[in-house]
$ cat work.cif   # mmCIF, C-alpha atoms
data_input
#
loop_
_atom_site.label_atom_id
_atom_site.label_comp_id
_atom_site.auth_asym_id
_atom_site.auth_seq_id
_atom_site.Cartn_x
_atom_site.Cartn_y
_atom_site.Cartn_z
CA MET A 9 -10.08 -5.40 10.97
CA ALA A 10 -7.62 -8.10 11.89
CA THR A 11 -8.07 -9.07 15.51
CA SER A 12 -5.26 -11.50 16.17
CA PRO A 13 -2.33 -12.97 14.26
CA GLY A 14 -3.43 -15.18 11.43
CA ILE A 15 -7.07 -14.14 11.54
CA VAL A 16 -8.31 -11.82 8.86
CA THR A 17 -11.81 -10.53 9.14
CA GLU A 18 -13.95 -8.86 6.55
CA MET A 19 -13.99 -5.06 6.62
CA GLU A 20 -17.29 -3.26 6.38
CA THR A 21 -17.65 -1.39 3.15
CA THR A 22 -20.62 0.09 1.42
CA ASP A 23 -21.91 -2.21 -1.30
CA GLN A 24 -22.79 0.65 -3.62
CA PRO A 25 -19.81 2.22 -5.40
CA ASN A 26 -19.74 6.01 -5.12
CA GLY A 27 -18.17 6.63 -8.53
CA GLU A 28 -14.93 8.07 -7.21
CA CYS A 29 -11.33 7.34 -8.06
CA VAL A 30 -8.90 7.57 -5.13
CA SER A 31 -5.11 7.66 -5.20
CA TRP A 32 -2.79 7.69 -2.20
CA ASN A 33 0.95 7.34 -1.71
CA LEU A 34 1.14 5.73 1.72
CA GLY A 35 4.88 6.00 2.28
CA PRO A 36 6.57 5.43 4.62
CA LEU A 37 4.09 3.37 6.62
CA HIS A 38 4.23 -0.39 6.74
CA LEU A 39 0.99 -1.84 5.43
CA SER A 40 0.04 -3.13 8.84
CA ALA A 41 0.21 0.41 10.24
CA ALA A 42 -1.52 1.86 7.22
CA LEU A 43 -4.32 -0.69 7.23
CA PRO A 44 -6.72 1.29 9.48
CA TYR A 45 -6.39 4.27 7.14
CA ILE A 46 -6.88 2.08 4.09
CA ALA A 47 -9.99 0.60 5.68
CA GLN A 48 -11.41 4.10 6.28
CA THR A 49 -10.81 4.88 2.63
CA MET A 50 -12.37 1.65 1.43
CA GLN A 51 -15.48 2.15 3.55
CA LYS A 52 -16.46 5.07 1.34
CA GLY A 53 -16.99 2.76 -1.61
CA ALA A 54 -14.76 4.31 -4.25
CA ALA A 55 -14.87 2.58 -7.61
CA VAL A 56 -11.08 2.65 -7.95
CA VAL A 57 -8.50 2.84 -5.17
CA LEU A 58 -4.86 3.20 -6.21
CA LEU A 59 -2.24 2.87 -3.48
CA GLN A 60 1.47 3.49 -3.90
CA GLU A 61 4.53 2.85 -1.74
CA VAL A 62 2.74 0.17 0.25
CA LEU A 63 5.44 -1.42 2.38
CA ILE A 64 5.16 -5.14 3.05
CA SER A 65 7.43 -7.87 4.32
CA LYS A 66 9.69 -9.62 1.84
CA GLU A 67 8.12 -12.27 -0.36
CA THR A 68 4.68 -11.97 1.16
CA THR A 69 2.95 -10.42 -1.83
CA VAL A 70 0.71 -13.40 -2.54
CA LYS A 71 -0.27 -13.82 1.10
CA VAL A 72 -0.97 -10.12 1.61
CA ARG A 73 -3.02 -9.92 -1.57
CA ARG A 74 -5.09 -12.88 -0.41
CA GLU A 75 -5.66 -11.20 2.96
CA LEU A 76 -6.65 -7.92 1.34
CA ARG A 77 -9.13 -9.73 -0.88
CA GLN A 78 -10.65 -11.34 2.20
CA MET A 79 -10.83 -8.02 4.02
CA PHE A 80 -12.39 -6.14 1.13
CA PRO A 81 -14.57 -8.67 -0.67
CA MET A 82 -16.34 -6.01 -2.75
CA TYR A 83 -13.06 -5.30 -4.50
CA GLU A 84 -10.78 -7.12 -6.85
CA CYS A 85 -7.25 -6.55 -5.57
CA TYR A 86 -4.09 -6.43 -7.67
CA MET A 87 -0.64 -6.06 -6.18
CA SER A 88 2.71 -5.45 -7.83
CA ALA A 89 5.99 -5.60 -5.96
CA GLY A 90 8.88 -3.29 -6.71
CA ARG A 91 12.32 -3.45 -5.26
CA HIS A 92 13.37 -4.39 -1.77
CA VAL A 93 14.13 -1.56 0.62
CA ASP A 94 16.35 -1.65 3.66
CA VAL A 95 14.51 -0.45 6.72
CA GLY A 96 16.92 -1.91 9.23
CA ASN A 97 16.36 -5.35 10.61
CA ASP A 98 14.51 -7.57 8.18
CA GLU A 99 14.07 -10.06 10.97
CA ASP A 100 11.31 -7.69 11.96
CA ASP A 101 9.39 -8.79 8.90
CA ARG A 102 5.84 -9.17 10.03
CA THR A 103 2.75 -10.52 8.52
CA LEU A 104 0.01 -8.09 7.69
CA VAL A 105 -1.87 -8.86 10.86
CA GLU A 106 0.91 -8.50 13.38
CA GLY A 107 3.07 -5.65 12.22
CA THR A 108 3.69 -2.23 13.62
CA GLN A 109 4.76 1.03 12.07
CA GLN A 110 8.08 0.92 10.27
CA SER A 111 10.19 3.66 8.82
CA ALA A 112 11.36 3.42 5.24
CA ASN A 113 13.46 5.21 2.70
CA HIS A 114 10.81 7.67 1.63
CA SER A 115 12.69 8.78 -1.44
CA SER A 116 12.62 5.35 -3.04
CA HIS A 117 11.13 5.18 -6.47
CA VAL A 118 8.73 2.39 -7.26
CA PRO A 119 9.23 1.74 -10.94
CA THR A 120 6.25 -0.51 -11.03
CA GLN A 121 3.16 -0.17 -13.11
CA THR A 122 0.07 -2.28 -13.44
CA SER A 123 -2.33 -1.90 -16.32
CA PHE A 124 -5.63 -3.63 -16.89
CA SER A 125 -7.60 -4.57 -19.92
CA ASN A 126 -10.64 -6.71 -20.47
CA MET B 6 10.84 -5.05 3.15
CA GLN B 7 9.35 -4.54 -0.24
CA ILE B 8 7.52 -1.61 -1.81
CA THR B 9 4.36 -2.43 -3.69
CA VAL B 10 1.53 -0.75 -5.50
CA VAL B 11 -1.98 -1.97 -4.82
CA THR B 12 -5.01 -1.49 -7.04
CA PHE B 13 -8.57 -2.09 -5.86
CA LEU B 14 -11.35 -2.26 -8.44
CA HIS B 15 -14.94 -2.34 -7.24
CA LYS B 16 -16.56 -5.54 -8.49
CA GLN B 17 -19.87 -3.83 -9.26
CA VAL B 18 -18.12 -1.46 -11.65
CA PHE B 19 -15.38 -3.54 -13.26
CA GLN B 20 -15.41 -6.97 -14.81
CA THR B 21 -13.24 -9.20 -12.72
CA ASN B 22 -11.62 -11.06 -15.58
CA ALA B 23 -9.23 -8.17 -16.10
CA LEU B 24 -5.80 -8.82 -17.47
CA ALA B 25 -3.14 -7.33 -15.24
CA ARG B 26 0.27 -6.60 -16.67
CA THR B 27 3.14 -5.61 -14.46
CA TRP B 28 6.64 -4.52 -15.21
CA TYR B 29 9.59 -3.41 -13.17
CA ASN B 30 12.63 -1.65 -14.49
CA PRO B 31 14.96 0.31 -12.21
CA ARG B 32 16.59 3.35 -13.77
CA ASP B 33 17.53 6.84 -12.73
CA MET B 34 14.73 9.34 -12.33
CA SER B 35 14.58 11.10 -15.68
CA GLU B 36 15.46 7.97 -17.67
CA LEU B 37 12.82 6.00 -15.77
CA GLN B 38 10.23 8.67 -16.51
CA ARG B 39 11.15 8.67 -20.20
CA GLN B 40 10.79 4.87 -20.37
CA VAL B 41 7.45 4.94 -18.55
CA ILE B 42 6.08 7.61 -20.86
CA LEU B 43 7.26 5.72 -23.94
CA LEU B 44 5.41 2.61 -22.79
CA LEU B 45 2.27 4.51 -21.85
CA ARG B 46 2.26 6.35 -25.16
CA ALA B 47 2.55 3.06 -27.04
CA MET B 48 -0.39 1.62 -25.11
CA ILE B 49 -2.52 4.68 -25.77
CA ASP B 50 -1.62 4.80 -29.46
CA ALA B 51 -2.60 1.15 -29.79
CA ALA B 52 -6.18 1.90 -28.70
CA LEU B 53 -6.89 5.59 -29.09
CA THR B 54 -10.56 5.50 -28.15
CA GLN B 55 -10.29 3.30 -25.08
CA TRP B 56 -11.46 4.69 -21.74
CA ARG B 57 -8.48 5.07 -19.43
CA ILE B 58 -7.87 6.18 -15.88
CA MET B 59 -4.35 6.59 -14.59
CA GLY B 60 -3.66 7.66 -11.04
CA GLY B 61 -0.75 7.88 -8.69
CA ASP B 62 2.35 9.68 -7.55
CA PHE B 63 4.18 10.45 -10.77
CA ASN B 64 7.09 12.39 -9.26
CA ALA B 65 6.16 15.12 -11.73
CA ALA B 66 4.39 18.24 -10.56
CA LEU B 67 2.09 20.89 -11.91
CA SER B 68 3.51 23.25 -9.33
CA ARG B 69 6.23 23.18 -6.70
CA TYR B 70 7.15 25.42 -3.80
CA GLY B 71 10.28 25.67 -1.68
CA TYR B 72 12.58 23.43 -3.71
CA ALA B 73 16.30 24.14 -3.94
CA GLN B 74 17.47 26.20 -6.90
CA SER B 75 20.00 23.50 -7.72
CA THR B 76 17.23 21.02 -8.47
CA SER B 77 15.09 23.31 -10.59
CA ALA B 78 16.54 22.23 -13.95
CA LEU B 79 15.85 18.55 -13.27
CA TYR B 80 12.37 19.15 -11.93
CA ASP B 81 11.48 21.53 -14.74
CA LYS B 82 12.49 18.78 -17.16
CA VAL B 83 10.46 15.98 -15.57
CA ASP B 84 7.46 18.22 -14.94
CA LYS B 85 7.41 19.40 -18.55
CA LEU B 86 7.86 15.88 -19.93
CA PHE B 87 4.85 14.64 -17.98
CA GLN B 88 2.64 17.58 -18.93
CA ASP B 89 3.65 17.27 -22.59
CA PHE B 90 2.82 13.57 -22.52
CA VAL B 91 -0.70 14.19 -21.20
CA HIS B 92 -1.30 17.05 -23.63
CA SER B 93 0.02 15.24 -26.70
CA THR B 94 -2.06 12.13 -26.01
CA HIS B 95 -5.20 14.23 -25.47
CA GLY B 96 -5.47 13.18 -21.86
CA THR B 97 -7.23 15.18 -19.20
CA LEU B 98 -5.13 15.86 -16.15
CA ILE B 99 -7.38 16.46 -13.17
CA GLU B 100 -5.50 18.92 -11.03
CA SER B 101 -5.55 18.66 -7.27
CA GLU B 102 -7.07 21.64 -5.49
CA VAL B 103 -3.90 22.12 -3.37
CA HIS B 104 -0.46 20.55 -3.13
CA THR B 105 -0.43 16.87 -2.25
CA LEU B 106 3.12 16.45 -0.96
CA ARG B 107 4.57 18.43 1.89
CA ASP B 108 7.92 18.34 3.60
CA LEU B 109 7.59 20.22 6.85
CA LEU B 110 11.34 20.13 7.57
CA ARG B 111 12.32 21.66 4.26
CA GLY B 112 9.23 23.82 3.97
CA SER B 113 8.56 22.52 0.48
CA SER B 114 5.41 21.25 -1.16
CA ALA B 115 4.25 20.12 -4.58
CA SER B 116 1.37 18.59 -6.46
CA LEU B 117 2.82 15.20 -7.40
CA ASP B 118 -0.30 13.07 -7.21
CA HIS B 119 -2.58 13.11 -10.19
CA ILE B 120 -5.52 11.40 -11.78
CA THR B 121 -5.49 11.50 -15.56
CA THR B 122 -8.17 10.19 -17.89
CA TRP B 123 -8.53 9.54 -21.59
CA ASN B 124 -11.85 9.57 -23.42
CA LEU B 125 -13.80 10.18 -20.22
CA THR B 126 -15.73 13.29 -19.28
CA CYS B 127 -14.20 15.13 -16.36
CA THR B 128 -16.46 18.15 -16.30
CA ASN B 129 -18.61 19.08 -13.35
CA THR B 130 -22.06 18.94 -14.91
CA CYS B 131 -23.39 21.59 -12.50
CA THR B 132 -20.75 24.25 -13.11
CA MET B 133 -19.49 23.03 -16.51
CA GLN B 134 -15.97 23.62 -15.20
CA SER B 135 -13.14 21.11 -15.25
CA SER B 136 -13.11 18.94 -12.17
CA THR B 137 -10.37 19.08 -9.58
CA SER B 138 -9.22 16.36 -7.26
CA LYS B 139 -10.10 16.79 -3.63
CA VAL B 140 -7.13 16.57 -1.30
CA HIS B 141 -7.50 14.72 1.99
CA TRP B 142 -4.80 15.00 4.65
CA VAL B 143 -5.61 11.73 6.35
CA GLY B 144 -3.44 8.98 7.73
CA ALA B 145 -0.51 9.15 10.12
CA GLU B 146 1.61 12.20 10.88
CA CYS B 147 4.53 10.67 9.03
CA ASN B 148 2.59 10.34 5.78
CA GLY B 149 4.11 12.78 3.33
CA HIS B 150 1.35 12.61 0.76
CA ALA B 151 -2.33 13.39 0.95
CA SER B 152 -4.86 11.13 -0.66
CA ILE B 153 -6.73 12.55 -3.61
CA SER B 154 -10.14 11.71 -4.97
CA CYS B 155 -12.33 12.76 -7.84
CA THR B 156 -15.27 11.63 -9.89
CA VAL B 157 -14.65 10.76 -13.51
CA GLY B 158 -16.95 9.87 -16.34
CA GLY B 159 -20.11 11.18 -14.72
CA ASP B 160 -22.06 8.15 -13.51
CA LEU B 161 -19.83 5.72 -15.34
CA LEU B 162 -18.19 4.35 -12.20
CA THR B 163 -21.33 3.91 -10.11
#
$ encode --input "work.cif" --output "structure tokens"
Amino acid sequence: MATSPGIVTEMETTDQPNGECVSWNLGPLHLSAALPYIAQTMQKGAAVVLLQEVLISKETTVKVRRELRQMFPMYECYMSAGRHVDVGNDEDDRTLVEGTQQSANHSSHVPTQTSFSN
Amino acid sequence: MQITVVTFLHKQVFQTNALARTWYNPRDMSELQRQVILLLRAMIDAALTQWRIMGGDFNAALSRYGYAQSTSALYDKVDKLFQDFVHSTHGTLIESEVHTLRDLLRGSSASLDHITTWNLTCTNTCTMQSSTSKVHWVGAECNGHASISCTVGGDLLT
């Protein structure tokens, strides 16, 4: 868990995958507020974790993905950004490690898809 | 703020040189769904025997409760389109054991979150019955959706 702004620590996860596939629409929580719940999910060692409506600050996709990879080193992390949403004051944009719960337009569609192939 | 989708793949299960392709195309609900299904169908047709897992909130339900009558035609359409897509591509839609979306103010609920597989076994080897996704109401009070989980492909993902 992140302990102070700018410091990302590795989350404890089981090394052995449990064979499960997990999917969760996290709306309308900001990622920083959802992170403890994500960590609880990741600790179980699912093989695949699919998260939707993950709310992050504008133009921080690369940084957040890097932080998530550091937090969950047993996982490869892919992140795809959809459209911007207005949740009020964007000056409140926070980094992953210093945010608090935000409200969002819960009805927003995320017309974003990521597919993988080897 | 920006809405994202995040995918985590366990490194002991998946090769890490995966190719990730992302697209974004804003449209209205039914048109968006039609476009998504067209693209997915093309991908599946291009490699019919490939193992596939698709999971997420598809805004298409297997069952709904408490929705306004005025919306039933639209929802019937999107629900049927999604179910027809899975059926016609020989996918296996792993149903959730209970509804995964709830709106306490409106008193409505639906099963919008699904895990679908292609060419993977989704049968409980003990009971020989089709698997269902477990539904977990975890997270904050404001979370509208439950998380779902299931095992696919037997021991394939361990």
$ resolve_selection --input "work.cif" --expression "the PyMOL selection byres ((chain B) within 8 of (chain A))" --output "VMD selection string"
chain B and resid 6 to 18 20 to 31 37 60 to 62 118 to 120 143 to 145 147 to 157 159 to 163
$ residues_near_point --input "work.cif" --point "(-12.0, 11.5, -20.3)" --cutoff "8 Å" --atoms "only C-alpha atoms" --output "PyMOL selection string"
chain B and resi 56-57+96-97+122-127+157-158
$ atom_distance --input "work.cif" --atom1 "CA of Lys85 in chain B" --atom2 "CA of Trp142 in chain B"
26.6 Å
$ closest_residue --input "work.cif" --among "B:Leu117, B:Thr94, B:Asp89, B:Leu79" --to "Ala52 in chain B" --atoms "only C-alpha atoms"
B:Thr94
$ atom_distance --input "work.cif" --atom1 "CA of Ser113 in chain B" --atom2 "CA of Phe90 in chain B"
25.3 Å
$ atom_distance --input "work.cif" --atom1 "CA of Ala78 in chain B" --atom2 "CA of Ser35 in chain B"
11.4 Å
